[in-house]
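What follows is the content of coords.txt, which has compact mmCIF, C-alpha atoms:
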```txt
# COMPACT_ATOMS: atom_id res chain seq x y z
CA MET A 1 5.02 -15.74 -15.67
CA LYS A 2 4.70 -15.89 -11.88
CA THR A 3 1.86 -16.14 -9.39
CA ILE A 4 2.41 -13.26 -6.99
CA LEU A 5 0.68 -12.41 -3.71
CA ILE A 6 0.92 -8.74 -2.74
CA THR A 7 -0.15 -7.47 0.68
CA GLY A 8 -1.13 -3.87 1.27
CA ALA A 9 -2.48 -3.64 -2.27
CA GLY A 10 -5.42 -1.39 -1.43
CA SER A 11 -3.51 1.80 -2.23
CA GLY A 12 -0.15 3.29 -3.09
CA PHE A 13 2.76 1.12 -4.16
CA GLY A 14 0.88 -2.14 -3.60
CA GLU A 15 -2.07 -1.22 -5.79
CA GLY A 16 0.16 0.17 -8.52
CA ALA A 17 2.43 -2.87 -8.50
CA ALA A 18 -0.51 -5.29 -8.54
CA ILE A 19 -1.99 -3.62 -11.61
CA GLY A 20 1.35 -3.29 -13.36
CA LEU A 21 2.38 -6.90 -12.77
CA ALA A 22 -1.00 -8.13 -13.99
CA GLN A 23 -0.69 -6.00 -17.11
CA LEU A 24 2.61 -7.78 -17.82
CA GLY A 25 0.78 -11.11 -17.70
CA HIS A 26 1.58 -12.35 -14.22
CA THR A 27 -1.15 -13.89 -12.08
CA VAL A 28 -1.60 -11.52 -9.15
CA ILE A 29 -3.49 -11.87 -5.88
CA ALA A 30 -3.94 -8.39 -4.44
CA GLY A 31 -4.46 -8.58 -0.68
CA VAL A 32 -6.19 -5.56 0.84
CA GLN A 33 -6.89 -4.75 4.47
CA ILE A 34 -10.60 -3.90 4.57
CA TYR A 35 -13.72 -4.82 2.59
CA PRO A 36 -14.31 -1.36 1.03
CA GLN A 37 -10.85 -1.65 -0.56
CA VAL A 38 -11.87 -5.01 -2.04
CA THR A 39 -14.83 -3.46 -3.84
CA ALA A 40 -12.92 -0.38 -4.99
CA LEU A 41 -9.99 -2.34 -6.41
CA ARG A 42 -12.23 -4.93 -8.06
CA GLU A 43 -13.96 -2.10 -9.90
CA LYS A 44 -10.60 -0.84 -11.13
CA VAL A 45 -9.60 -4.34 -12.20
CA LYS A 46 -12.83 -4.69 -14.17
CA ALA A 47 -12.39 -1.30 -15.83
CA LEU A 48 -8.85 -2.28 -16.88
CA GLY A 49 -9.95 -5.65 -18.21
CA LEU A 50 -7.66 -7.58 -15.85
CA GLU A 51 -10.22 -9.95 -14.27
CA LYS A 52 -8.51 -13.04 -15.68
CA ASN A 53 -5.23 -12.60 -13.85
CA LEU A 54 -5.74 -10.01 -11.08
CA ARG A 55 -7.71 -11.30 -8.13
CA VAL A 56 -8.57 -9.07 -5.16
CA GLU A 57 -8.91 -10.66 -1.73
CA LYS A 58 -9.32 -9.33 1.79
CA LEU A 59 -6.05 -9.98 3.58
CA ASP A 60 -5.51 -8.13 6.82
CA ILE A 61 -2.13 -9.49 7.90
CA LEU A 62 -3.17 -9.17 11.57
CA ASP A 63 -6.34 -11.24 11.03
CA GLN A 64 -5.59 -14.90 11.73
CA TYR A 65 -8.45 -16.10 9.55
CA ASP A 66 -7.41 -13.97 6.58
CA VAL A 67 -3.85 -15.24 6.93
CA LYS A 68 -4.93 -18.88 7.27
CA ASN A 69 -6.93 -18.53 4.07
CA ALA A 70 -4.04 -16.87 2.22
CA LEU A 71 -1.70 -19.71 3.13
CA THR A 72 -3.84 -22.10 1.07
CA TRP A 73 -2.99 -20.18 -2.11
CA ASP A 74 -0.36 -21.62 -4.44
CA ILE A 75 2.05 -18.77 -5.14
CA ASP A 76 5.57 -18.33 -6.48
CA ILE A 77 6.30 -14.98 -4.87
CA PHE A 78 5.19 -13.38 -1.62
CA PHE A 79 5.51 -9.60 -1.95
CA SER A 80 5.19 -8.40 1.65
CA ASN A 81 4.22 -4.78 1.15
CA ALA A 82 1.67 -4.03 3.89
CA GLY A 83 2.81 -1.67 6.61
CA ILE A 84 1.91 1.25 8.85
CA GLY A 85 3.86 4.21 10.15
CA GLU A 86 3.90 5.81 13.58
CA ALA A 87 5.94 9.00 13.72
CA GLY A 88 6.81 11.15 16.71
CA PRO A 89 9.58 11.47 19.29
CA ALA A 90 10.82 8.03 20.30
CA PHE A 91 11.36 9.14 23.89
CA GLU A 92 7.70 10.11 24.27
CA MET A 93 5.69 7.82 21.99
CA PRO A 94 3.12 5.65 23.84
CA MET A 95 4.36 2.07 23.99
CA ASP A 96 1.14 0.59 22.64
CA LEU A 97 1.75 2.49 19.40
CA VAL A 98 5.35 1.25 19.30
CA GLU A 99 4.15 -2.32 19.73
CA LYS A 100 1.47 -1.87 17.06
CA ASN A 101 4.02 -0.63 14.56
CA PHE A 102 6.27 -3.65 15.17
CA GLN A 103 3.33 -6.05 15.05
CA THR A 104 2.30 -4.87 11.60
CA ASN A 105 5.71 -4.16 10.05
CA VAL A 106 7.84 -6.94 11.54
CA PHE A 107 6.05 -9.71 13.42
CA ALA A 108 3.18 -10.34 10.99
CA PRO A 109 5.34 -10.31 7.83
CA LEU A 110 7.83 -12.68 9.46
CA ALA A 111 5.07 -15.04 10.63
CA ILE A 112 3.55 -15.23 7.16
CA SER A 113 6.97 -15.64 5.59
CA GLN A 114 7.78 -18.55 7.89
CA LYS A 115 4.60 -20.30 6.84
CA PHE A 116 5.19 -19.85 3.10
CA ILE A 117 8.84 -20.88 3.43
CA SER A 118 7.82 -24.04 5.26
CA LYS A 119 5.19 -24.79 2.62
CA TRP A 120 7.69 -24.31 -0.21
CA ILE A 121 10.37 -26.43 1.43
CA LYS A 122 7.96 -29.28 2.16
CA GLY A 123 6.68 -29.13 -1.42
CA GLY A 124 10.14 -28.88 -2.95
CA LYS A 125 9.04 -25.65 -4.62
CA LYS A 126 11.18 -22.69 -5.56
CA GLY A 127 9.92 -19.47 -4.01
CA LYS A 128 10.73 -15.83 -3.47
CA ILE A 129 9.90 -13.26 -0.81
CA VAL A 130 10.23 -9.53 -1.45
CA TYR A 131 9.84 -7.07 1.43
CA THR A 132 8.93 -3.43 1.02
CA SER A 133 11.42 -1.89 3.41
CA SER A 134 12.34 1.78 3.21
CA MET A 135 15.20 4.19 2.81
CA GLY A 136 14.51 4.45 6.55
CA GLY A 137 15.70 0.89 6.97
CA LEU A 138 19.22 2.24 6.47
CA PHE A 139 19.21 5.54 8.37
CA THR A 140 17.24 7.22 11.15
CA PRO A 141 15.87 10.77 10.92
CA ALA A 142 14.60 12.43 14.08
CA GLY A 143 10.87 12.07 14.55
CA PHE A 144 10.67 8.83 12.57
CA GLY A 145 12.75 6.62 14.87
CA ILE A 146 10.05 4.11 15.76
CA TYR A 147 8.81 3.57 12.21
CA VAL A 148 12.28 3.22 10.75
CA SER A 149 13.32 0.92 13.58
CA THR A 150 10.72 -1.53 12.25
CA LYS A 151 12.37 -1.29 8.85
CA HIS A 152 15.83 -1.74 10.40
CA ALA A 153 14.47 -4.92 11.99
CA LEU A 154 12.99 -6.05 8.68
CA GLU A 155 16.34 -5.48 6.98
CA ALA A 156 18.09 -7.68 9.56
CA ILE A 157 15.50 -10.44 9.25
CA ALA A 158 15.66 -10.35 5.45
CA GLU A 159 19.46 -10.54 5.49
CA ALA A 160 19.36 -13.54 7.79
CA LEU A 161 16.62 -15.23 5.76
CA GLN A 162 18.56 -14.76 2.55
CA GLN A 163 21.41 -16.84 3.97
CA GLU A 164 19.20 -19.39 5.71
CA VAL A 165 16.82 -20.31 2.89
CA LYS A 166 19.17 -20.10 -0.08
CA PRO A 167 19.96 -23.85 0.19
CA TYR A 168 16.24 -24.51 -0.33
CA ASN A 169 16.16 -22.50 -3.58
CA ILE A 170 14.20 -19.66 -1.97
CA GLN A 171 15.16 -16.07 -2.72
CA ILE A 172 14.85 -12.99 -0.50
CA GLN A 173 14.94 -9.34 -1.55
CA THR A 174 14.16 -5.93 -0.12
CA ILE A 175 12.90 -2.86 -1.94
CA ASN A 176 13.78 0.44 -0.28
CA PRO A 177 11.72 3.38 -1.56
CA GLY A 178 12.74 6.97 -1.10
CA ALA A 179 10.23 9.61 -0.03
CA TYR A 180 7.58 9.08 -2.72
CA LEU A 181 4.26 10.87 -2.63
CA THR A 182 1.70 8.12 -2.00
CA GLY A 183 0.02 9.60 1.09
CA PHE A 184 1.77 7.12 3.39
CA ASN A 185 4.49 9.47 4.66
CA GLU A 186 2.11 12.38 4.90
CA THR A 187 -0.40 10.36 6.95
CA MET A 188 2.40 9.09 9.17
CA ALA A 189 3.54 12.66 9.78
CA ASP A 190 0.03 13.56 10.95
CA ALA A 191 -0.27 10.55 13.27
CA PRO A 192 1.50 11.87 16.40
CA PHE A 193 -0.71 14.92 16.65
CA ARG A 194 -3.59 12.71 17.73
CA TRP A 195 -1.79 11.89 21.01
CA MET A 196 0.67 14.74 21.58
CA ASP A 197 -0.25 17.44 24.10
CA ASP A 198 1.80 20.62 24.48
CA GLU A 199 0.91 20.70 28.17
CA VAL A 200 2.21 17.17 28.70
CA ASN A 201 4.90 16.41 26.15
CA PHE A 202 8.38 17.92 26.12
CA THR A 203 8.28 17.96 22.32
CA LYS A 204 6.01 20.72 21.09
CA LYS A 205 3.68 20.19 18.17
CA ALA A 206 4.92 23.20 16.19
CA ASP A 207 8.53 22.05 16.49
CA LEU A 208 7.70 18.54 15.35
CA ARG A 209 5.65 19.83 12.43
CA ALA A 210 8.62 21.96 11.36
CA THR A 211 10.84 18.87 11.46
CA PHE A 212 8.43 16.94 9.27
CA ASP A 213 8.06 19.84 6.84
CA SER A 214 11.83 20.05 6.45
CA LEU A 215 11.93 16.37 5.45
CA LEU A 216 8.72 15.98 3.44
CA GLY A 217 8.00 19.49 2.25
CA THR A 218 10.64 19.47 -0.49
CA PRO A 219 10.81 18.02 -4.02
CA GLU A 220 13.04 15.25 -2.65
CA GLY A 221 10.30 14.43 -0.13
CA THR A 222 7.45 14.28 -2.64
CA LEU A 223 8.80 12.13 -5.47
CA ASP A 224 6.50 10.79 -8.20
CA ALA A 225 5.41 7.31 -7.09
CA THR A 226 5.23 6.08 -10.69
CA GLU A 227 9.01 5.70 -10.71
CA MET A 228 8.94 3.42 -7.67
CA ILE A 229 5.99 1.38 -8.92
CA ASN A 230 7.77 0.79 -12.23
CA ALA A 231 10.85 -0.37 -10.33
CA MET A 232 8.77 -2.79 -8.25
CA ILE A 233 7.16 -4.23 -11.37
CA GLU A 234 10.62 -4.93 -12.74
CA ILE A 235 12.26 -6.22 -9.55
CA VAL A 236 9.61 -8.45 -7.98
CA PRO A 237 9.24 -11.18 -10.66
CA LYS A 238 12.94 -11.43 -11.58
CA GLU A 239 15.01 -14.44 -10.54
CA GLU A 240 18.23 -12.39 -10.61
CA GLY A 241 19.07 -9.03 -9.09
CA LYS A 242 20.40 -7.22 -6.06
CA PHE A 243 19.35 -8.22 -2.56
CA ARG A 244 18.73 -4.58 -1.58
CA ASN A 245 17.09 -2.21 -4.07
CA VAL A 246 17.09 1.49 -3.19
CA VAL A 247 15.19 3.83 -5.51
CA PRO A 248 15.94 6.50 -6.68
CA GLN A 249 19.71 6.55 -7.21
CA PHE A 250 20.32 9.83 -5.37
CA VAL A 251 18.81 8.28 -2.23
CA GLU A 252 21.10 5.26 -2.53
CA ASP A 253 24.07 7.62 -2.82
CA MET A 254 22.90 9.58 0.22
CA LEU A 255 22.48 6.41 2.28
CA LYS A 256 25.95 5.16 1.39
CA GLU A 257 27.44 8.49 2.44
CA HIS A 258 25.41 8.46 5.65
CA GLN A 259 26.61 4.97 6.55
CA LEU A 260 30.23 5.97 6.01
CA ASN A 261 29.82 9.14 8.08
CA ALA A 262 28.21 7.09 10.87
CA TRP A 263 31.66 5.78 11.78
CA GLU A 264 32.66 9.33 12.73
CA ASN A 265 29.44 10.20 14.59
CA ARG A 266 30.24 11.47 18.07
CA ILE A 267 28.10 11.93 21.18
```

The structure in this file should be written as structure tokens.
Amino acid sequence: MKTILITGAGSGFGEGAAIGLAQLGHTVIAGVQIYPQVTALREKVKALGLEKNLRVEKLDILDQYDVKNALTWDIDIFFSNAGIGEAGPAFEMPMDLVEKNFQTNVFAPLAISQKFISKWIKGGKKGKIVYTSSMGGLFTPAGFGIYVSTKHALEAIAEALQQEVKPYNIQIQTINPGAYLTGFNETMADAPFRWMDDEVNFTKKADLRATFDSLLGTPEGTLDATEMINAMIEIVPKEEGKFRNVVPQFVEDMLKEHQLNAWENRI
């Protein structure tokens, strides 16, 4: 049994994985972004009878005090799951939104990882870090370029970390979900319409909405999240397994084909 810290556990994959891992007997610290999520998840924990091994804490990964507090916890696995998504045309997206997406999805997870790695090395402790990446960490659909670029960056960092910290008995993994229906992708697809203006932007709202609908408005774009949560519950605590874990299989096959075809991509 492991002690596992999960960020972004206030909803979606993070909440499901926290509950599932606790039900298997692991000690879980579920980090959530805001106080209302703390109360809501604690009520669920109580109703499920998991108070003994599922602890809910406020952990906004951009809050220095939350992070400082989290670094005092003695954990075996850091499951870095928190993230945000900013969609929209990369050539028109406001730069403050680009920076915000990288701050949450890349810089903060790396900063926390560095601290836990240092703590584990100094203590001679075996550890593991698992990052929730994305199928978008391995390809780039139009309209999602900024969000998936954060996942491309996370993939590169994770690959480097895997090589760098292996001598210290620290493991690194990524989990790459397909387009599961958790509300995350759907919310991200709505995000650009709060700043886009048909009188200002070259990209028109109706055209962008049609692009999003073609990607998310299909059965392949609204997969049952239970499948992904079950995979996370299996992958996260294991001491053996693949470095990169794409779910479901048809998405892995698509990504492999895309990467091969990329060599023939022409301007």

Practice prompt. Have a look at A:Ser133, A:Met1, A:Asp190, A:Glu57 and name the one nearest to Asn69 of chain A; count only C-alpha atoms.
Written response: A:Glu57

Worksheet item: Contacts of Thr27 of chain A at 9 Å or less, counting all atoms listed in the file, minus same-chain residues fewer than 4 places along, as an MDAnalysis selection string?
Response: chainID A and resid 1:5 21:22 52:55

Determine, using all atoms listed in the file, which residues of segment 135-179 of chain A have any atom at most 10 Å from an atom of segment 233-237 of chain A, and tabulate each with its shortest atom pair and distance in Å to one decimal place, rows ordered by chain and then rising number, as CSV.
```
residue,atom,partner,partner_atom,distance
A:Gln173,CA,A:Val236,CA,8.4
A:Thr174,CA,A:Val236,CA,9.4
A:Ile175,CA,A:Ile235,CA,8.3
```

Selected residues written out, C-alpha atoms, as a PDB file, in the frame of the given file:
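Okay, this is what ended up in selection.pdb:
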```
ATOM      1  CA  GLN A 173      14.940  -9.340  -1.550  1.00  0.00           C
ATOM      2  CA  THR A 174      14.160  -5.930  -0.120  1.00  0.00           C
ATOM      3  CA  ILE A 175      12.900  -2.860  -1.940  1.00  0.00           C
TER       4      ILE A 175
END
```

Discussion item. What's the separation between atom CA of His152 of chain A and atom CA of Ser134 of chain A, in Å to one decimal place?
Written reply: 8.7 Å

Fill in: Test item: residues at most 12 Å from Leu138 of chain A, all atoms listed in the file, excluding those fewer than 4 positions along its chain, as a PyMOL selection string
chain A and resi 133-134+145+147-156+174-178+244-246+251-260+262

Response to the item:
From atom CA of Ile146 of chain A to atom CA of Glu86 of chain A the spacing works out at 6.7 Å

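Between atom CA of Gly14 of chain A and atom CA of Leu216 of chain A lies a distance of 21.0 Å.
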
Worksheet item: Leaving out Gly143 of chain A and any residue of its chain fewer than 4 positions from it, which residues lie within 12 Å of it when counting all atoms listed in the file, given as an MDAnalysis selection string?
Response: chainID A and resid 85:93 136 147:149 188:192 203:205 207:216

Worksheet item: Can you list, as a PyMOL selection string, every protein, DNA or RNA residue that comes within 9 Å of segment 104-121 of chain A when you count all atoms listed in the file, leaving out same-chain residues fewer than 4 positions away?
Response: chain A and resi 61-62+67+71+75-76+78+80-85+99-100+125-129+131+147+150-151+153-154+157+165+168-170

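Minimum distance to Phe184 of chain A across A:Thr222, A:Gln37, A:Gln23, A:Thr72 (counting all atoms listed in the file) occurs at A:Thr222.
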
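Nearest-residue note for Lys242 of chain A: choosing from A:Val130, A:Asn101, A:Leu24, A:Ala9, the minimum distance belongs to A:Val130, counting all atoms listed in the file.
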
With 8 Å on each side, where is the centre of the axis-aligned box around all listed atoms of segment 33-51 of chain A, and how long are its edges in Å to one decimal, as lines of an AutoDock Vina configuration file?
```
center_x = -10.9
center_y = -5.2
center_z = -6.8
size_x = 23.9
size_y = 25.6
size_z = 38.8
```
